[in-house]
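Trainee: Coordinates in work31.txt, compact mmCIF, C-alpha atoms and all ligand atoms, are listed below.
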```txt
# COMPACT_ATOMS: atom_id res chain seq x y z
CA MET A 712 9.60 -43.82 17.44
CA GLY A 713 8.88 -40.52 19.20
CA TYR A 714 10.23 -37.41 17.53
CA ARG A 715 12.57 -36.69 20.45
CA SER A 716 14.75 -39.78 19.99
CA TYR A 717 14.80 -39.44 16.18
CA PHE A 718 17.44 -36.69 16.21
CA LYS A 719 20.00 -38.32 18.53
CA ASP A 720 23.44 -38.10 16.85
CA LYS A 721 21.98 -37.07 13.47
CA VAL A 722 24.09 -34.55 11.53
CA ILE A 723 21.83 -31.65 10.58
CA VAL A 724 22.77 -28.63 8.46
CA VAL A 725 20.52 -25.60 9.01
CA THR A 726 20.92 -22.60 6.71
CA GLY A 727 19.77 -19.23 8.02
CA ALA A 728 20.57 -20.41 11.56
CA SER A 729 21.50 -16.97 12.91
CA SER A 730 17.89 -15.86 13.46
CA GLY A 731 14.20 -16.79 13.63
CA ILE A 732 13.01 -20.22 12.50
CA GLY A 733 16.53 -21.44 11.64
CA LEU A 734 17.93 -20.52 15.04
CA ALA A 735 14.95 -22.04 16.87
CA SER A 736 15.32 -25.24 14.80
CA ALA A 737 19.07 -25.44 15.46
CA ARG A 738 18.41 -25.06 19.18
CA LEU A 739 15.71 -27.73 19.15
CA PHE A 740 17.86 -30.20 17.18
CA GLY A 741 20.79 -29.49 19.53
CA SER A 742 18.62 -30.08 22.61
CA LEU A 743 17.54 -33.43 21.11
CA GLY A 744 21.14 -34.64 20.76
CA ALA A 745 21.90 -33.84 17.11
CA PHE A 746 25.20 -32.57 15.72
CA VAL A 747 24.21 -29.18 14.31
CA VAL A 748 25.84 -27.16 11.55
CA MET A 749 24.72 -23.53 11.69
CA ALA A 750 25.13 -21.63 8.41
CA ALA A 751 24.45 -17.96 7.62
CA ARG A 752 26.38 -14.83 6.69
CA SER A 753 26.73 -13.54 10.30
CA LEU A 754 29.48 -15.79 11.66
CA GLU A 755 30.14 -13.91 14.91
CA LYS A 756 26.45 -13.84 15.76
CA MET A 757 26.20 -17.61 15.24
CA GLN A 758 29.33 -18.21 17.30
CA GLU A 759 27.77 -16.23 20.16
CA LEU A 760 24.51 -18.19 19.82
CA SER A 761 26.12 -21.62 19.41
CA ALA A 762 26.20 -22.29 23.17
CA SER A 763 22.39 -22.11 23.12
CA VAL A 764 22.39 -24.89 20.48
CA SER A 765 24.70 -27.21 22.41
CA GLN A 766 26.79 -26.63 25.50
CA ASP A 767 29.27 -29.11 24.05
CA PRO A 768 31.23 -27.13 21.41
CA SER A 769 32.26 -30.37 19.70
CA ARG A 770 28.62 -30.89 18.62
CA VAL A 771 28.12 -27.51 16.87
CA LEU A 772 29.84 -26.08 13.81
CA CYS A 773 29.25 -22.52 12.62
CA VAL A 774 29.96 -21.88 8.95
CA LYS A 775 29.91 -18.48 7.29
CA ALA A 776 28.01 -19.03 4.06
CA ASP A 777 26.07 -16.86 1.68
CA VAL A 778 23.75 -19.44 0.09
CA SER A 779 23.46 -17.36 -3.09
CA VAL A 780 27.18 -18.10 -3.70
CA GLU A 781 27.67 -21.59 -5.14
CA ASP A 782 31.21 -21.98 -3.74
CA ASP A 783 29.94 -21.17 -0.22
CA CYS A 784 27.32 -23.95 -0.52
CA ARG A 785 29.93 -26.45 -1.70
CA ALA A 786 32.30 -25.46 1.12
CA LEU A 787 29.48 -25.72 3.67
CA MET A 788 28.83 -29.35 2.82
CA GLU A 789 32.57 -30.15 2.59
CA GLN A 790 33.22 -28.67 6.03
CA THR A 791 30.24 -30.55 7.47
CA VAL A 792 31.46 -33.92 6.18
CA GLU A 793 35.05 -33.15 7.19
CA ARG A 794 33.94 -32.42 10.74
CA PHE A 795 31.09 -34.90 11.33
CA GLY A 796 31.63 -37.54 8.60
CA ARG A 797 28.18 -37.45 7.05
CA ILE A 798 24.96 -35.44 6.52
CA ASP A 799 21.59 -36.81 7.67
CA ILE A 800 19.36 -33.76 7.21
CA LEU A 801 19.68 -30.51 5.25
CA VAL A 802 17.26 -27.75 6.23
CA ASN A 803 17.19 -25.11 3.47
CA ASN A 804 15.80 -22.33 5.62
CA ALA A 805 17.87 -19.24 4.69
CA GLY A 806 15.52 -16.76 3.12
CA LEU A 807 14.75 -13.18 2.33
CA SER A 808 11.45 -11.40 1.70
CA MET A 809 10.45 -8.18 -0.05
CA ARG A 810 7.62 -5.65 -0.13
CA ALA A 811 7.03 -3.51 -3.21
CA MET A 812 4.71 -3.53 -6.19
CA PHE A 813 6.30 -5.08 -9.29
CA ALA A 814 5.66 -1.86 -11.26
CA ASP A 815 7.97 0.02 -8.87
CA LEU A 816 10.50 -2.76 -8.38
CA ASP A 817 14.16 -2.62 -9.38
CA LEU A 818 14.64 -6.02 -11.05
CA LYS A 819 17.80 -6.61 -9.04
CA VAL A 820 15.54 -7.16 -6.00
CA LEU A 821 13.70 -9.99 -7.72
CA ARG A 822 17.03 -11.51 -8.84
CA THR A 823 18.36 -11.32 -5.27
CA LEU A 824 15.27 -13.10 -3.93
CA MET A 825 15.67 -15.87 -6.52
CA ASP A 826 19.42 -16.10 -5.82
CA VAL A 827 19.00 -16.47 -2.05
CA ASN A 828 15.73 -18.40 -1.74
CA PHE A 829 15.62 -20.56 -4.88
CA TRP A 830 19.27 -20.88 -5.97
CA GLY A 831 20.40 -21.09 -2.32
CA THR A 832 18.17 -24.14 -1.90
CA VAL A 833 19.22 -25.68 -5.22
CA GLN A 834 22.96 -25.16 -4.60
CA CYS A 835 22.96 -26.46 -1.02
CA THR A 836 20.87 -29.46 -2.08
CA LYS A 837 23.20 -30.21 -5.01
CA TYR A 838 26.29 -30.45 -2.80
CA ALA A 839 24.53 -32.25 0.09
CA LEU A 840 22.73 -34.78 -2.13
CA PRO A 841 25.51 -37.40 -2.51
CA HIS A 842 25.87 -37.45 1.28
CA LEU A 843 22.10 -37.52 1.90
CA LEU A 844 21.75 -40.48 -0.48
CA LYS A 845 24.38 -42.40 1.50
CA THR A 846 22.46 -41.89 4.76
CA LYS A 847 18.99 -42.18 3.18
CA GLY A 848 18.58 -38.76 4.74
CA GLN A 849 16.20 -35.88 4.30
CA VAL A 850 16.20 -32.50 2.57
CA VAL A 851 13.80 -29.77 3.61
CA GLY A 852 12.79 -26.59 1.85
CA VAL A 853 11.28 -23.95 4.11
CA ILE A 854 8.86 -22.28 1.75
CA SER A 855 5.77 -20.28 2.75
CA ILE A 856 2.03 -20.11 2.20
CA ALA A 857 3.13 -17.62 -0.48
CA GLY A 858 4.57 -20.67 -2.28
CA TYR A 859 1.01 -21.96 -2.82
CA SER A 860 -1.10 -18.81 -2.97
CA ALA A 861 0.58 -15.66 -4.26
CA LEU A 862 1.00 -12.55 -2.13
CA PRO A 863 0.85 -9.12 -3.81
CA ALA A 864 3.89 -6.86 -3.43
CA ARG A 865 5.98 -10.03 -2.99
CA THR A 866 6.49 -11.13 -6.63
CA GLY A 867 10.09 -12.21 -5.96
CA TYR A 868 9.18 -13.94 -2.72
CA SER A 869 6.18 -15.87 -4.10
CA SER A 870 8.04 -16.77 -7.30
CA SER A 871 11.04 -18.09 -5.38
CA LYS A 872 8.89 -20.13 -2.99
CA TYR A 873 6.75 -21.62 -5.80
CA ALA A 874 10.01 -22.48 -7.57
CA ILE A 875 11.47 -24.25 -4.52
CA ARG A 876 8.28 -26.31 -4.27
CA GLY A 877 8.54 -27.33 -7.93
CA PHE A 878 12.21 -28.20 -7.51
CA LEU A 879 11.74 -30.31 -4.38
CA ASP A 880 8.57 -32.05 -5.59
CA THR A 881 10.55 -33.10 -8.68
CA LEU A 882 13.55 -34.23 -6.64
CA ARG A 883 11.27 -36.39 -4.47
CA ILE A 884 10.05 -38.34 -7.50
CA GLU A 885 13.57 -38.69 -8.96
CA HIS A 886 14.67 -40.35 -5.70
CA LEU A 887 11.49 -42.20 -4.84
CA LYS A 888 13.33 -45.53 -4.80
CA ASP A 889 16.50 -44.28 -3.07
CA GLY A 890 15.14 -43.67 0.42
CA LEU A 891 15.64 -39.89 0.21
CA GLY A 892 13.08 -37.92 2.22
CA VAL A 893 12.02 -34.59 0.70
CA LEU A 894 9.95 -32.25 2.84
CA VAL A 895 8.28 -29.09 1.59
CA PHE A 896 7.66 -27.16 4.80
CA ALA A 897 5.39 -24.10 4.62
CA PRO A 898 5.14 -21.96 7.76
CA GLY A 899 2.39 -19.39 8.05
CA TYR A 900 3.09 -15.99 9.60
CA THR A 901 5.80 -16.58 12.22
CA SER A 902 7.42 -14.05 14.52
CA SER A 903 11.00 -13.35 13.30
CA ASN A 904 13.23 -10.75 11.65
CA VAL A 905 12.00 -11.60 8.13
CA ARG A 906 9.81 -8.53 7.64
CA ASN A 907 12.47 -6.11 9.01
CA ALA A 908 15.02 -7.58 6.61
CA ALA A 909 12.57 -7.59 3.66
CA LEU A 910 13.75 -5.57 0.65
CA THR A 911 11.84 -2.56 -0.67
CA ALA A 912 11.59 -1.42 -4.31
CA ASP A 913 15.19 -0.09 -4.45
CA GLY A 914 16.74 -3.03 -2.59
CA SER A 915 17.09 -1.33 0.81
CA ALA A 916 15.79 -3.17 3.89
CA GLN A 917 12.25 -2.31 5.00
CA GLY A 918 13.46 -2.00 8.62
CA LYS A 919 10.01 -2.46 10.14
CA THR A 920 7.15 -4.93 10.15
CA PRO A 921 3.56 -4.26 9.08
CA LEU A 922 2.34 -7.06 11.41
CA GLU A 923 1.99 -7.42 15.17
CA GLU A 924 4.82 -9.93 15.53
CA GLY A 925 3.77 -10.88 19.09
CA LYS A 926 0.47 -12.28 17.79
CA LEU A 927 2.12 -14.61 15.26
CA MET A 928 3.26 -18.22 15.72
CA SER A 929 6.57 -18.28 17.59
CA ALA A 930 9.71 -19.50 15.81
CA GLU A 931 10.01 -22.17 18.55
CA GLU A 932 6.55 -23.58 17.78
CA CYS A 933 7.37 -23.57 14.07
CA ALA A 934 10.60 -25.47 14.80
CA LEU A 935 8.66 -28.06 16.81
CA HIS A 936 6.35 -28.68 13.82
CA LEU A 937 9.44 -29.08 11.64
CA ALA A 938 11.01 -31.63 14.01
CA LYS A 939 7.81 -33.67 14.20
CA ALA A 940 7.42 -33.65 10.41
CA LEU A 941 11.03 -34.81 9.93
CA ALA A 942 10.64 -37.62 12.47
CA ARG A 943 7.53 -38.80 10.58
CA ARG A 944 9.35 -38.37 7.25
CA ARG A 945 6.48 -36.33 5.90
CA SER A 946 6.66 -34.81 2.42
CA GLU A 947 4.53 -31.69 2.96
CA VAL A 948 3.52 -29.52 5.91
CA ILE A 949 1.34 -26.40 5.80
CA LEU A 950 1.14 -24.46 9.05
CA THR A 951 -1.40 -22.20 10.80
CA GLY A 952 -5.17 -22.13 10.45
CA LEU A 953 -4.97 -19.13 8.11
CA GLY A 954 -2.28 -20.85 6.05
CA LYS A 955 -4.21 -24.10 5.66
CA ALA A 956 -7.43 -22.22 4.78
CA THR A 957 -5.59 -20.07 2.23
CA VAL A 958 -4.04 -23.07 0.46
CA ALA A 959 -7.34 -24.99 0.42
CA PHE A 960 -9.30 -21.95 -0.83
CA HIS A 961 -6.70 -21.25 -3.49
CA ARG A 962 -7.06 -24.79 -4.84
CA LEU A 963 -10.86 -24.75 -4.81
CA PHE A 964 -11.69 -21.11 -5.58
CA PRO A 965 -8.62 -19.44 -7.12
CA ARG A 966 -10.31 -16.23 -8.36
CA LEU A 967 -12.20 -15.69 -5.10
CA THR A 968 -8.90 -16.19 -3.24
CA ASP A 969 -7.32 -13.46 -5.41
CA ARG A 970 -10.02 -11.04 -4.28
CA LEU A 971 -9.77 -12.08 -0.61
CA THR A 972 -5.97 -11.75 -0.73
CA TYR A 973 -6.30 -8.28 -2.27
CA SER A 974 -8.62 -7.18 0.57
CA PHE A 975 -6.35 -8.76 3.20
CA ILE A 976 -3.23 -6.97 1.96
CA ALA A 977 -5.16 -3.71 1.44
CA ARG A 978 -5.85 -3.71 5.21
CA GLU A 979 -2.11 -4.10 6.09
CA ALA A 980 -0.29 -1.15 7.69
CA ASP A 981 1.23 0.96 4.85
CA SER A 982 -0.55 -1.22 2.30
CA PRO A 983 1.12 -1.21 -1.13
CA PHE A 984 -2.36 -0.63 -2.67
CA LYS A 985 -2.75 2.78 -1.01
N1 LIG B 1001 8.58 -15.55 9.49
C1 LIG B 1001 7.59 -15.83 8.68
O1 LIG B 1001 6.47 -15.30 8.81
C2 LIG B 1001 7.81 -16.86 7.60
C3 LIG B 1001 6.68 -17.43 7.00
C4 LIG B 1001 6.86 -18.37 6.01
C5 LIG B 1001 8.13 -18.74 5.63
N2 LIG B 1001 9.21 -18.16 6.22
C6 LIG B 1001 10.54 -18.58 5.77
O2 LIG B 1001 11.30 -19.04 6.87
C7 LIG B 1001 12.67 -18.92 6.56
C8 LIG B 1001 13.38 -18.32 7.75
O3 LIG B 1001 12.95 -16.97 7.90
P1 LIG B 1001 12.70 -16.27 9.31
O4 LIG B 1001 11.28 -15.90 9.34
O5 LIG B 1001 13.29 -17.06 10.41
O6 LIG B 1001 13.51 -14.91 9.04
P2 LIG B 1001 14.79 -14.23 9.69
O7 LIG B 1001 14.65 -14.13 11.17
O8 LIG B 1001 14.99 -12.98 8.91
O9 LIG B 1001 15.97 -15.27 9.35
C9 LIG B 1001 16.47 -15.40 8.05
C10 LIG B 1001 17.79 -16.16 8.10
O10 LIG B 1001 18.27 -16.32 6.76
C11 LIG B 1001 19.63 -15.93 6.73
N3 LIG B 1001 19.99 -15.43 5.40
C12 LIG B 1001 19.47 -14.39 4.71
N4 LIG B 1001 20.09 -14.24 3.54
C13 LIG B 1001 21.06 -15.20 3.49
C14 LIG B 1001 22.04 -15.57 2.55
N5 LIG B 1001 22.20 -14.90 1.41
N6 LIG B 1001 22.86 -16.62 2.84
C15 LIG B 1001 22.73 -17.30 4.01
N7 LIG B 1001 21.82 -17.00 4.94
C16 LIG B 1001 21.01 -15.96 4.69
C17 LIG B 1001 19.76 -14.87 7.81
O11 LIG B 1001 21.09 -14.82 8.31
P3 LIG B 1001 22.24 -13.78 7.89
O12 LIG B 1001 21.58 -12.45 7.69
O13 LIG B 1001 23.18 -13.87 9.04
O14 LIG B 1001 22.85 -14.34 6.65
C18 LIG B 1001 18.86 -15.45 8.89
O15 LIG B 1001 19.57 -16.39 9.67
C19 LIG B 1001 12.76 -18.10 5.28
O16 LIG B 1001 13.00 -18.94 4.18
C20 LIG B 1001 11.38 -17.47 5.19
O17 LIG B 1001 11.02 -17.17 3.86
C21 LIG B 1001 9.08 -17.24 7.20
```
What is this structure when it is put down as structure tokens?
Ligand SMILES: NC(=O)c1ccc[n+]([C@@H]2O[C@H](COP(=O)([O-])OP(=O)(O)OC[C@H]3O[C@@H](n4cnc5c(N)ncnc54)[C@H](OP(=O)(O)O)[C@@H]3O)[C@@H](O)[C@H]2O)c1

Mentor:
Amino acid sequence: MGYRSYFKDKVIVVTGASSGIGLASARLFGSLGAFVVMAARSLEKMQELSASVSQDPSRVLCVKADVSVEDDCRALMEQTVERFGRIDILVNNAGLSMRAMFADLDLKVLRTLMDVNFWGTVQCTKYALPHLLKTKGQVVGVISIAGYSALPARTGYSSSKYAIRGFLDTLRIEHLKDGLGVLVFAPGYTSSNVRNAALTADGSAQGKTPLEEGKLMSAEECALHLAKALARRRSEVILTGLGKATVAFHRLFPRLTDRLTYSFIAREADSPFK
């Protein structure tokens, strides 16, 4: 079956659907005939964007949800089932990054990153799981190359993404015989708002990006990789040439990769090593 027909009438919950990879994925799923549930904190923004997901308002639901709040995750899944009757796919995409050396970091920043990225994924998965088991559906965790090979000045980000990988790899084995698909999806650098929203040492947003966003993979291309991986019911995807090389190098030559990563980040604009 081609990936295009796979999504017809599937009920797909996308967290972090107000921007970037989540929004591009919601739009792609909508264009392929899915019922899409958009979840994020910015409700009005999602409501404005929902027409770009489906022109038929009966096929899109926008839910205000902070994934770090357990009750919001429970309500998100309840509202989805109330409206569409089932859940076929949960895309745990909502995420937050950071940029500060651990020595300078207020620990509340690291806790926030774990609450949103790791606990957000765990909580949404917990409340979607009974429904996903009924449909023999799929759960996705959008992690990062930083979930395989650590990035300096992103302790909270790397820790949370490694943790999501451990959680989902475990869940896959627990449900090996139940028909549940579990996809660990690791984009490489992708153009989005993630670096502007990234938290600095005191918890305030960075408000700028150290990268040339225009040169990165587009969120639309990333979403296309996600759709193809879901249609093939893959369990792991690592994107971009740099991302694949980094993961492979990290496995084969971990100490050399530490030194290469140090040099790479030292060359970044406003490098934390300066
Ligand atoms: N862009 C990259 O280079 C890259 C690379 C690898 C992995 N990723 C991962 O891809 C995912 C999507 O990021 P992006 O690049 O598309 O960034 P983005 O444009 O900043 O989008 C992040 C999304 O997450 C939502 N979000 C943030 N905190 C939330 C919370 N507490 N509860 C619910 N939603 C929340 C935001 O919506 P609200 O602010 O409206 O809540 C927004 O919709 C993240 O998990 C990120 O770590 C990105």

Trainee: Could you list, as a count of residues only, all protein and nucleic acid residues with an atom at most 7 Å from ligand LIG 1001 (chain B), counting all atoms listed in the file?

Mentor: 40

Trainee: Give the answer as one residue: which of A:Val895, A:Ala864, A:Cys933, A:Leu821 has the shortest atom-to-atom distance to A:Leu739, using all atoms listed in the file?

Mentor: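 Going through A:Val895, A:Ala864, A:Cys933, A:Leu821 one by one, the smallest distance to A:Leu739 is for A:Cys933.
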
Trainee: For the atom pair atom CA of A:Ile723 and atom CA of A:Val893, what is the interatomic distance in Å to one decimal place?

Mentor: 14.2 Å

Trainee: Could you check which of A:Asp981, A:Thr791, A:Ser716, A:Ala956 is closest to A:Lys919, using all atoms listed in the file?

Mentor: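 Selected residue with least distance to A:Lys919: A:Asp981.
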
Trainee: Give me, please, the distance in Å between atom CA of A:Glu755 and atom CA of A:Tyr868, quoted to one decimal.

Mentor: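 Separation between atom CA of A:Glu755 and atom CA of A:Tyr868: 27.4 Å.
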
Trainee: Nearest residue to A:Ala857 out of A:Leu840, A:Val780, A:Leu953, A:Ala980, using only C-alpha atoms?

Mentor: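 Among the listed residues, the smallest separation from A:Ala857 belongs to A:Leu953.
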
Trainee: Which of these residues is nearest to A:Ser974, using all atoms listed in the file: A:Val771, A:Leu862, A:Leu891, A:Leu824?

Mentor: A:Leu862

Trainee: Which residue is closest to A:Asp799? Choose from A:Phe964, A:Tyr973, A:Tyr717, A:Phe878 and count only C-alpha atoms.

Mentor: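 Between A:Phe964, A:Tyr973, A:Tyr717, A:Phe878, the residue approaching A:Asp799 most closely is A:Tyr717.
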
Trainee: Between atom CA of A:Trp830 and atom CA of A:Ser982, what is the distance, to one decimal in Å?

Mentor: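 Between atom CA of A:Trp830 and atom CA of A:Ser982 the gap is 29.1 Å.
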
Trainee: May I have the residues within 12 Å of A:Gly713 as a list in words, using only C-alpha atoms and disregarding those fewer than 4 positions away in the same chain?

Mentor: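 That gives Tyr717, Phe718, Lys719, Leu743, Ala938, Lys939, Ala940, Leu941, Ala942 and Arg943 of chain A.
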
Trainee: A:Asp889: which residues within 10 Å, counting only C-alpha atoms, same-chain residues fewer than 4 positions away excluded, as a list in words?

Mentor: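 Contacts, in chain order: Leu844, Lys845, Lys847, Gly848, Arg883, Ile884 and Glu885 of chain A.
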
Trainee: Keeping C-alpha atoms, export the residues of the selection given above as an mmCIF file, in the coordinates of the input.

Mentor:
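So the final result, stored in part.cif, reads:
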```cif
data_model
loop_
_atom_site.group_PDB
_atom_site.id
_atom_site.type_symbol
_atom_site.label_atom_id
_atom_site.label_comp_id
_atom_site.auth_asym_id
_atom_site.auth_seq_id
_atom_site.Cartn_x
_atom_site.Cartn_y
_atom_site.Cartn_z
ATOM 1 C CA LEU A 844 21.750 -40.480 -0.480
ATOM 2 C CA LYS A 845 24.380 -42.400 1.500
ATOM 3 C CA LYS A 847 18.990 -42.180 3.180
ATOM 4 C CA GLY A 848 18.580 -38.760 4.740
ATOM 5 C CA ARG A 883 11.270 -36.390 -4.470
ATOM 6 C CA ILE A 884 10.050 -38.340 -7.500
ATOM 7 C CA GLU A 885 13.570 -38.690 -8.960
#
```

Trainee: Using all atoms listed in the file, which residue out of A:Leu772, A:Phe795, A:Ala786, A:Pro863 lies closest to A:Ala977?

Mentor: A:Pro863

Trainee: Which residues are near A:Ile798? Cut-off 6 Å, only C-alpha atoms, ignore same chain within fewer than 4 positions. Put them as a list in words.

Mentor: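 Final neighbour list, sorted by chain and number: Val722, His842 and Leu843 of chain A.
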